Amino acid sequence: MDKYGQHIFIRLQSYKGNVKYMDYNTIIKSRIQDAINLKVMILKDPLLIQHIQDAAGVIVQAYRSGNKTLFCGNGGSAADAQHLAAELSGKFYLDRPPIHAEACHVNSSFMTAVSNDFGFDAAYSRYIEAVGKKGDVLVAISTSGNSENVYQALCKARETGFTCIVLSGSSGGRMAAKADVLIKVPSDDTPRIQELHILIGHIICELVESELFGK
């Protein structure tokens with residue numbers, strides 16, 4: 001209700017294309033419940049939980065071998081990439097030495113120059129070619145699993161000898177075939193997928209930090 005006690009209704013179009021009218025209170029509760037339902041689905045999926053554990057394991061192994069972790073994505077997934085790289089390189093829970101992790105898009109001069117000269121689809125793969133080495137890890141984030149620049153990054157990473165982790169929505173898209181570890185959130189709703197990607201990413205960061213620096 002607004003300040004006059006009137007319900008406020010908005011026209012709502014879902015990711016499935018359905019149109020209906022809902023008041024704000026109902027929308028808020030519905031979105032929270034959607035998020036809860038998705039988390040419950042993941043809790044009941046032992047294979048997905050194992051893949052989260054596997055992702056943490058390959059990152060730990062990379063650091064123990066003197067390697068690093070790179071992240072890439074577009075839009076909200078780029079923000080997640082940068083966020084998670086900071087959690088690893090700076091700290092998560094523990095006060096401990098920094099470790100090498102970076103999002104592929106953070107050098108704006110590199111990104112704009114390569115995009116201008118070679119096309120945006122090549123920007124991440126060229127960055128990986130420049131800084132990557134055998135034994136590194138790439139965490140590729142895409143709700144659809146079909147982002148072309150992220151797909152090309154995966155191709156270059158595999159060619160270089162990376163271990164590749166993919167965070168996607170329900171299908172995995174084209175990127176699924178390039179993943180050593182595939183973490184598919186069982187949804188096609190982009191905001192809900194993104195919310196679960198950051199939750200899963202935080203869990204991975206916690207596991208990695210605990211394994212490398214916990215006592």
# chains A, B, ... in the order shown; residues from 1 in each chain; ligands from 1
>>> select_by_dssp(residues="stretch 24-198 of chain A", states="alpha helix (DSSP H)", output="VMD selection string")
chain A and resid 24 to 43 46 to 64 76 to 89 108 to 118 123 to 131 148 to 160 190 to 198
>>> residues_around(residues="A:Lys178", least_positions_apart="3", cutoff="8 Å", atoms="only C-alpha atoms", output="list of chain:residue names")
A:Leu154, A:Cys155, A:Arg158, A:Cys164, A:Arg174, A:Met175
>>> residues_around(residues="A:Arg126", least_positions_apart="3", cutoff="12 Å", atoms="only C-alpha atoms", output="PDB file with N, CA and C atoms, in the first residue's frame")
ATOM      1  N   CYS A 104      38.702 -10.360 -16.288  1.00  0.00           N
ATOM      2  CA  CYS A 104      39.348 -10.061 -17.563  1.00  0.00           C
ATOM      3  C   CYS A 104      39.015  -8.676 -18.111  1.00  0.00           C
ATOM      4  N   HIS A 105      37.979  -8.037 -17.598  1.00  0.00           N
ATOM      5  CA  HIS A 105      37.521  -6.784 -18.202  1.00  0.00           C
ATOM      6  C   HIS A 105      38.025  -5.533 -17.501  1.00  0.00           C
ATOM      7  N   PHE A 110      42.693  -1.697 -22.403  1.00  0.00           N
ATOM      8  CA  PHE A 110      42.875  -2.950 -23.146  1.00  0.00           C
ATOM      9  C   PHE A 110      41.565  -3.380 -23.794  1.00  0.00           C
ATOM     10  N   MET A 111      40.486  -3.380 -23.009  1.00  0.00           N
ATOM     11  CA  MET A 111      39.191  -3.845 -23.512  1.00  0.00           C
ATOM     12  C   MET A 111      38.729  -3.022 -24.698  1.00  0.00           C
ATOM     13  N   ALA A 113      40.558  -1.005 -26.692  1.00  0.00           N
ATOM     14  CA  ALA A 113      41.480  -1.109 -27.834  1.00  0.00           C
ATOM     15  C   ALA A 113      41.270  -2.411 -28.600  1.00  0.00           C
ATOM     16  N   VAL A 114      41.205  -3.519 -27.874  1.00  0.00           N
ATOM     17  CA  VAL A 114      41.027  -4.821 -28.533  1.00  0.00           C
ATOM     18  C   VAL A 114      39.654  -4.902 -29.190  1.00  0.00           C
ATOM     19  N   SER A 115      38.644  -4.401 -28.518  1.00  0.00           N
ATOM     20  CA  SER A 115      37.294  -4.417 -29.093  1.00  0.00           C
ATOM     21  C   SER A 115      37.238  -3.586 -30.362  1.00  0.00           C
ATOM     22  N   ASP A 117      39.838  -2.907 -32.385  1.00  0.00           N
ATOM     23  CA  ASP A 117      40.706  -3.457 -33.436  1.00  0.00           C
ATOM     24  C   ASP A 117      40.309  -4.856 -33.894  1.00  0.00           C
ATOM     25  N   PHE A 118      39.801  -5.663 -32.962  1.00  0.00           N
ATOM     26  CA  PHE A 118      39.526  -7.074 -33.280  1.00  0.00           C
ATOM     27  C   PHE A 118      38.068  -7.471 -33.089  1.00  0.00           C
ATOM     28  N   GLY A 119      37.276  -6.602 -32.439  1.00  0.00           N
ATOM     29  CA  GLY A 119      35.883  -6.932 -32.147  1.00  0.00           C
ATOM     30  C   GLY A 119      35.735  -7.378 -30.703  1.00  0.00           C
ATOM     31  N   PHE A 120      34.591  -7.044 -30.123  1.00  0.00           N
ATOM     32  CA  PHE A 120      34.349  -7.353 -28.711  1.00  0.00           C
ATOM     33  C   PHE A 120      34.404  -8.844 -28.427  1.00  0.00           C
ATOM     34  N   ASP A 121      34.012  -9.655 -29.392  1.00  0.00           N
ATOM     35  CA  ASP A 121      34.005 -11.106 -29.168  1.00  0.00           C
ATOM     36  C   ASP A 121      35.393 -11.651 -28.872  1.00  0.00           C
ATOM     37  N   ALA A 122      36.430 -10.937 -29.300  1.00  0.00           N
ATOM     38  CA  ALA A 122      37.805 -11.414 -29.104  1.00  0.00           C
ATOM     39  C   ALA A 122      38.477 -10.843 -27.865  1.00  0.00           C
ATOM     40  N   ALA A 123      37.801  -9.922 -27.168  1.00  0.00           N
ATOM     41  CA  ALA A 123      38.475  -9.185 -26.097  1.00  0.00           C
ATOM     42  C   ALA A 123      38.962 -10.095 -24.972  1.00  0.00           C
ATOM     43  N   GLU A 129      45.107 -14.901 -23.728  1.00  0.00           N
ATOM     44  CA  GLU A 129      46.332 -15.199 -24.481  1.00  0.00           C
ATOM     45  C   GLU A 129      47.514 -14.394 -23.946  1.00  0.00           C
ATOM     46  N   ALA A 130      47.236 -13.163 -23.507  1.00  0.00           N
ATOM     47  CA  ALA A 130      48.305 -12.292 -23.024  1.00  0.00           C
ATOM     48  C   ALA A 130      48.821 -12.694 -21.648  1.00  0.00           C
ATOM     49  N   VAL A 131      47.931 -13.060 -20.735  1.00  0.00           N
ATOM     50  CA  VAL A 131      48.342 -13.231 -19.336  1.00  0.00           C
ATOM     51  C   VAL A 131      48.239 -14.666 -18.824  1.00  0.00           C
ATOM     52  N   GLY A 132      47.568 -15.532 -19.574  1.00  0.00           N
ATOM     53  CA  GLY A 132      47.313 -16.873 -19.067  1.00  0.00           C
ATOM     54  C   GLY A 132      48.474 -17.825 -19.266  1.00  0.00           C
ATOM     55  N   ASN A 149      31.739 -13.788 -26.515  1.00  0.00           N
ATOM     56  CA  ASN A 149      33.081 -13.434 -26.048  1.00  0.00           C
ATOM     57  C   ASN A 149      33.538 -14.342 -24.909  1.00  0.00           C
ATOM     58  N   VAL A 150      32.603 -14.776 -24.081  1.00  0.00           N
ATOM     59  CA  VAL A 150      32.940 -15.700 -22.996  1.00  0.00           C
ATOM     60  C   VAL A 150      33.233 -17.087 -23.568  1.00  0.00           C
ATOM     61  N   GLN A 152      34.454 -17.712 -26.550  1.00  0.00           N
ATOM     62  CA  GLN A 152      35.791 -17.660 -27.154  1.00  0.00           C
ATOM     63  C   GLN A 152      36.890 -17.646 -26.095  1.00  0.00           C
ATOM     64  N   ALA A 153      36.608 -17.027 -24.960  1.00  0.00           N
ATOM     65  CA  ALA A 153      37.569 -17.060 -23.852  1.00  0.00           C
ATOM     66  C   ALA A 153      37.793 -18.493 -23.384  1.00  0.00           C
ATOM     67  N   LEU A 154      36.723 -19.252 -23.273  1.00  0.00           N
ATOM     68  CA  LEU A 154      36.839 -20.657 -22.877  1.00  0.00           C
ATOM     69  C   LEU A 154      37.669 -21.450 -23.889  1.00  0.00           C
ATOM     70  N   CYS A 155      37.422 -21.200 -25.168  1.00  0.00           N
ATOM     71  CA  CYS A 155      38.189 -21.910 -26.201  1.00  0.00           C
ATOM     72  C   CYS A 155      39.680 -21.614 -26.075  1.00  0.00           C
ATOM     73  N   LYS A 156      40.024 -20.338 -25.894  1.00  0.00           N
ATOM     74  CA  LYS A 156      41.430 -19.964 -25.753  1.00  0.00           C
ATOM     75  C   LYS A 156      42.023 -20.531 -24.462  1.00  0.00           C
ATOM     76  N   ALA A 157      41.231 -20.510 -23.393  1.00  0.00           N
ATOM     77  CA  ALA A 157      41.719 -21.034 -22.118  1.00  0.00           C
ATOM     78  C   ALA A 157      42.026 -22.525 -22.219  1.00  0.00           C
ATOM     79  N   THR A 160      45.151 -23.118 -24.058  1.00  0.00           N
ATOM     80  CA  THR A 160      46.322 -22.720 -23.275  1.00  0.00           C
ATOM     81  C   THR A 160      46.637 -23.719 -22.169  1.00  0.00           C
TER      82      THR A 160
END
>>> residues_around(residues="A:Gly76", least_positions_apart="5", cutoff="12 Å", atoms="only C-alpha atoms", output="PyMOL selection string")
chain A and resi 81-83+141-143+190-195+197-198
>>> closest_residue(among="A:Ser108, A:Gln33, A:Gln50, A:Gln61", to="A:Val137", atoms="only C-alpha atoms")
A:Gln61
